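What follows is structure-v1.pdb (PDB, C-alpha atoms, pLDDT in the B column).
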ATOM      1  CA  MET G  10      22.010   4.500 -26.376  1.00 94.00           C
ATOM      2  CA  LYS G  11      20.002   7.074 -24.487  1.00 94.00           C
ATOM      3  CA  VAL G  12      16.223   6.734 -24.407  1.00 95.00           C
ATOM      4  CA  ALA G  13      13.654   9.202 -23.097  1.00 93.00           C
ATOM      5  CA  VAL G  14      10.226   7.901 -22.099  1.00 94.00           C
ATOM      6  CA  LEU G  15       7.629  10.655 -21.857  1.00 91.00           C
ATOM      7  CA  ASN G  16       3.961  11.453 -22.148  1.00 88.00           C
ATOM      8  CA  TYR G  17       1.904  14.483 -21.101  1.00 88.00           C
ATOM      9  CA  THR G  18      -0.408  12.165 -19.137  1.00 83.00           C
ATOM     10  CA  GLY G  19       0.456  10.361 -15.928  1.00 80.00           C
ATOM     11  CA  THR G  20      -0.117   6.686 -15.113  1.00 82.00           C
ATOM     12  CA  VAL G  21       0.090   5.456 -18.706  1.00 87.00           C
ATOM     13  CA  GLY G  22       2.955   2.994 -18.174  1.00 87.00           C
ATOM     14  CA  LYS G  23       6.093   5.091 -18.825  1.00 89.00           C
ATOM     15  CA  THR G  24       7.830   3.957 -15.653  1.00 86.00           C
ATOM     16  CA  THR G  25       6.803   0.334 -16.103  1.00 88.00           C
ATOM     17  CA  ILE G  26       8.188   0.334 -19.641  1.00 92.00           C
ATOM     18  CA  ALA G  27      11.428   1.969 -18.490  1.00 91.00           C
ATOM     19  CA  ALA G  28      11.952  -0.429 -15.569  1.00 89.00           C
ATOM     20  CA  HIS G  29      10.744  -3.744 -16.950  1.00 91.00           C
ATOM     21  CA  LEU G  30      11.112  -3.535 -20.720  1.00 94.00           C
ATOM     22  CA  LEU G  31      13.913  -1.124 -21.582  1.00 95.00           C
ATOM     23  CA  SER G  32      16.434  -1.328 -18.742  1.00 93.00           C
ATOM     24  CA  PRO G  33      16.852  -5.137 -18.805  1.00 94.00           C
ATOM     25  CA  ARG G  34      17.338  -5.029 -22.589  1.00 95.00           C
ATOM     26  CA  MET G  35      19.842  -2.172 -22.373  1.00 96.00           C
ATOM     27  CA  ASN G  36      22.352  -3.950 -20.146  1.00 94.00           C
ATOM     28  CA  ASN G  37      20.513  -2.745 -17.014  1.00 92.00           C
ATOM     29  CA  ALA G  38      20.841   0.888 -18.013  1.00 93.00           C
ATOM     30  CA  PRO G  39      20.426   3.378 -15.188  1.00 92.00           C
ATOM     31  CA  ILE G  40      17.055   5.099 -14.966  1.00 89.00           C
ATOM     32  CA  PHE G  41      16.921   8.819 -14.291  1.00 88.00           C
ATOM     33  CA  ALA G  42      13.456   9.748 -13.040  1.00 84.00           C
ATOM     34  CA  ILE G  43      12.478  13.328 -13.816  1.00 82.00           C
ATOM     35  CA  GLU G  44       9.541  13.500 -11.439  1.00 72.00           C
ATOM     36  CA  SER G  45       8.393  15.514  -8.455  1.00 62.00           C
ATOM     37  CA  ILE G  46       4.862  14.264  -7.787  1.00 63.00           C
ATOM     38  CA  ASN G  47       4.127  10.770  -9.062  1.00 57.00           C
ATOM     39  CA  GLU G  48       5.657   7.371  -8.362  1.00 58.00           C
ATOM     40  CA  THR G  49       8.972   6.502  -9.985  1.00 55.00           C
ATOM     41  CA  ALA G  50      10.534   3.149 -10.820  1.00 54.00           C
ATOM     42  CA  GLU G  51      11.933   3.279  -7.286  1.00 57.00           C
ATOM     43  CA  GLY G  52       8.436   2.291  -6.155  1.00 63.00           C
ATOM     44  CA  LEU G  53       8.782  -0.809  -8.335  1.00 59.00           C
ATOM     45  CA  GLY G  54      11.982  -1.809  -6.556  1.00 62.00           C
ATOM     46  CA  VAL G  55      14.286  -0.456  -9.270  1.00 59.00           C
ATOM     47  CA  ASP G  56      17.279   1.719  -8.405  1.00 61.00           C
ATOM     48  CA  VAL G  57      16.701   5.177  -9.885  1.00 60.00           C
ATOM     49  CA  GLU G  58      18.165   8.621  -9.602  1.00 63.00           C
ATOM     50  CA  LYS G  59      15.333  11.081  -9.032  1.00 64.00           C
ATOM     51  CA  MET G  60      15.496  14.758  -9.980  1.00 64.00           C
ATOM     52  CA  LYS G  61      13.267  17.599 -11.132  1.00 61.00           C
ATOM     53  CA  GLY G  62      13.093  18.930 -14.679  1.00 57.00           C
ATOM     54  CA  ASN G  63      14.911  22.137 -13.738  1.00 65.00           C
ATOM     55  CA  LYS G  64      18.092  20.117 -13.045  1.00 73.00           C
ATOM     56  CA  PHE G  65      18.639  19.569 -16.766  1.00 77.00           C
ATOM     57  CA  ARG G  66      22.339  20.481 -16.737  1.00 80.00           C
ATOM     58  CA  ASP G  67      23.026  17.977 -13.960  1.00 83.00           C
ATOM     59  CA  LEU G  68      21.105  15.297 -15.840  1.00 83.00           C
ATOM     60  CA  PHE G  69      22.884  16.041 -19.112  1.00 85.00           C
ATOM     61  CA  LYS G  70      26.303  15.709 -17.473  1.00 86.00           C
ATOM     62  CA  LYS G  71      25.339  12.383 -15.890  1.00 87.00           C
ATOM     63  CA  ILE G  72      23.849  10.758 -18.987  1.00 87.00           C
ATOM     64  CA  MET G  73      26.826  11.786 -21.106  1.00 89.00           C
ATOM     65  CA  LEU G  74      29.024   9.623 -18.862  1.00 92.00           C
ATOM     66  CA  GLU G  75      26.815   6.562 -19.428  1.00 93.00           C
ATOM     67  CA  ASP G  76      26.891   4.252 -22.437  1.00 95.00           C
ATOM     68  CA  ASN G  77      23.195   3.489 -21.899  1.00 96.00           C
ATOM     69  CA  ALA G  78      20.661   5.553 -19.987  1.00 95.00           C
ATOM     70  CA  ILE G  79      16.895   5.848 -19.661  1.00 94.00           C
ATOM     71  CA  ILE G  80      15.257   9.157 -18.812  1.00 90.00           C
ATOM     72  CA  ASP G  81      11.774   8.600 -17.376  1.00 89.00           C
ATOM     73  CA  ILE G  82      10.113  12.010 -17.644  1.00 88.00           C
ATOM     74  CA  GLY G  83       6.982  12.324 -15.542  1.00 84.00           C
ATOM     75  CA  ALA G  84       3.991  14.345 -16.657  1.00 84.00           C
ATOM     76  CA  SER G  85       4.497  16.814 -13.781  1.00 82.00           C
ATOM     77  CA  ASN G  86       7.924  17.814 -15.132  1.00 82.00           C
ATOM     78  CA  ILE G  87       7.674  17.353 -18.894  1.00 85.00           C
ATOM     79  CA  GLU G  88       7.140  21.017 -19.816  1.00 85.00           C
ATOM     80  CA  GLU G  89      10.042  22.243 -17.693  1.00 84.00           C
ATOM     81  CA  PHE G  90      12.256  19.454 -19.002  1.00 83.00           C
ATOM     82  CA  MET G  91      11.410  20.230 -22.632  1.00 86.00           C
ATOM     83  CA  ASN G  92      11.922  23.984 -22.120  1.00 84.00           C
ATOM     84  CA  ASN G  93      15.363  23.320 -20.650  1.00 81.00           C
ATOM     85  CA  MET G  94      16.182  20.951 -23.486  1.00 81.00           C
ATOM     86  CA  ILE G  95      15.343  23.630 -26.060  1.00 83.00           C
ATOM     87  CA  LYS G  96      17.483  26.216 -24.232  1.00 78.00           C
ATOM     88  CA  PHE G  97      20.370  23.790 -24.010  1.00 69.00           C
ATOM     89  CA  ASP G  98      20.281  23.239 -27.770  1.00 62.00           C
ATOM     90  CA  HIS G  99      21.030  26.903 -28.532  1.00 53.00           C
TER      91      HIS G  99
END

Just give me the structure of the file as structure tokens.
Amino acid sequence: MKVAVLNYTGTVGKTTIAAHLLSPRMNNAPIFAIESINETAEGLGVDVEKMKGNKFRDLFKKIMLEDNAIIDIGASNIEEFMNNMIKFDH
């Protein structure tokens, strides 16, 4: 299962939900933090892979190799991430 956690507003609990609610219940699924400004789950002591929204192809390749994955999309990168996701669909 792949889960994306996103919101256009920062500091609403996306990272906390990804790190403390979802990952433990998804067999400790890896968290991919799409963030360039705000804190990631790494700040909560959780191992994350951090990248910017413009690295969508790299992210897509990595999550396809995982059975379970959580994509924590920060507010500072959501528009770029979504634009890349739309382009990738075509």

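The spacing separating CA of Leu68 (chain G) from CA of Phe90 (chain G) amounts to 10.3 Å.
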
Find the spatial neighbours of region 12-29 of chain G, counting only C-alpha atoms, within a cut-off of 6 Å - ignore same-chain residues fewer than 6 positions away - and output them as number ranges by chain. G: 50, 79-82, 84

Which residue of G:Lys64, G:Lys96, G:Lys70, G:Lys11 approaches Pro39 (chain G) most closely, using all atoms listed in the file: G:Lys11

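CA of Asn77 (chain G) is positioned 21.4 Å from CA of Asn93 (chain G).
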
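Our summary of the geometry notes that CA of Ala78 (chain G) is positioned 20.5 Å from CA of Asn92 (chain G).
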
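For the set G:Arg66, G:Leu30, G:Leu74, G:Ile87, the residue with the smallest atom-to-atom gap to Ala42 (chain G) is G:Ile87, counting all atoms listed in the file.
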
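Remark: for Met91 (chain G), the closest of the candidate residues G:Pro33, G:Ala38, G:Phe65, G:Met73 is G:Phe65 (distances computed over only C-alpha atoms).
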
Padded axis-aligned box of region 68-78 of chain G (4 Å per side), centre and edge lengths, Å, one decimal, as AutoDock Vina command-line options:
--center_x 24.8 --center_y 9.8 --center_z -19.1 --size_x 16.4 --size_y 20.6 --size_z 14.6

Using only C-alpha atoms: which of G:Met10, G:Ser32, G:Glu44, G:Met94 has the shortest distance to Phe69 (chain G): G:Met94

Nearest to Ile43 (chain G): which of G:Asp67, G:Glu89, G:Asp76, G:Gly83 is it, counting only C-alpha atoms? G:Gly83
